[in-house]
Amino acid sequence: YVTGDISTSLALSKLNSGATFFAGPYLDGNGVSNVTTQIGTHAYLPCKVKQLGNKSVSWVRVRDDHILTVDRMTFIADERFQSFYVESSGVWTLQIKYVQARDAGIYECQVSTEPKISARVHLHVVGE
């Protein structure tokens, strides 16, 4: 279930038929989503991107603005973090292995458009 708002300021165009389409990458299922996981298990934070083209998808930990991943490359020494992409669904997933209480918080999926588009996932961690 997804709630909230998203910063999507892409140009929308109207076709003669009245249908709306996106001229570039956009996030499907826009908003702030919530994921709850148990300490010691793995967390999977989803970000569904359509029409990505040659743009990149990054995951950022909001509390310290740490860039965790860009596409499939990891930029944090903590090996529990990994990003993977399932092409058939268009979903970029941030995987956090062996979740700890300190992992709770907000993570942001960012697409390298100008201006940037992003969606947030709030990770809730519960005890064993």
# chains A, B, ... in the order shown; residues from 1 in each chain; ligands from 1
$ select_by_dssp --residues "stretch 70-103 of chain A" --states "strand (DSSP E or B)" --output "PyMOL selection string"
chain A and resi 70+73-74+81-86+91-96
$ residues_around --residues "stretch 57-67 of chain A" --least-positions-apart "6" --cutoff "10 Å" --atoms "only C-alpha atoms" --output "MDAnalysis selection string"
chainID A and resid 45 47 49 73:76 81:83 85 92:94 103:113 117:122
$ atom_distance --atom1 "atom CA of A:Ser56" --atom2 "atom CA of A:Thr37"
27.0 Å
$ closest_residue --among "A:Gly90, A:Phe84, A:Ala101, A:Leu123" --to "A:Val32" --atoms "only C-alpha atoms"
A:Leu123
$ closest_residue --among "A:Glu79, A:Tyr26, A:Lys97, A:Arg102" --to "A:Leu52" --atoms "only C-alpha atoms"
A:Tyr26
$ atom_distance --atom1 "atom CA of A:Glu114" --atom2 "atom CA of A:Leu68"
20.4 Å
$ residues_around --residues "A:Ile96" --least-positions-apart "6" --cutoff "6 Å" --atoms "only C-alpha atoms" --output "number ranges by chain"
A: 42-43, 80-81
$ atom_distance --atom1 "atom CA of A:Val91" --atom2 "atom CA of A:Lys50"
8.6 Å
$ closest_residue --among "A:Lys116, A:Tyr44, A:Ile39, A:Val86" --to "A:Pro25" --atoms "only C-alpha atoms"
A:Lys116
$ residues_around --residues "A:Gln38" --least-positions-apart "4" --cutoff "10 Å" --atoms "only C-alpha atoms" --output "ChimeraX atom specification"
/A:42-43,98-101,124-128
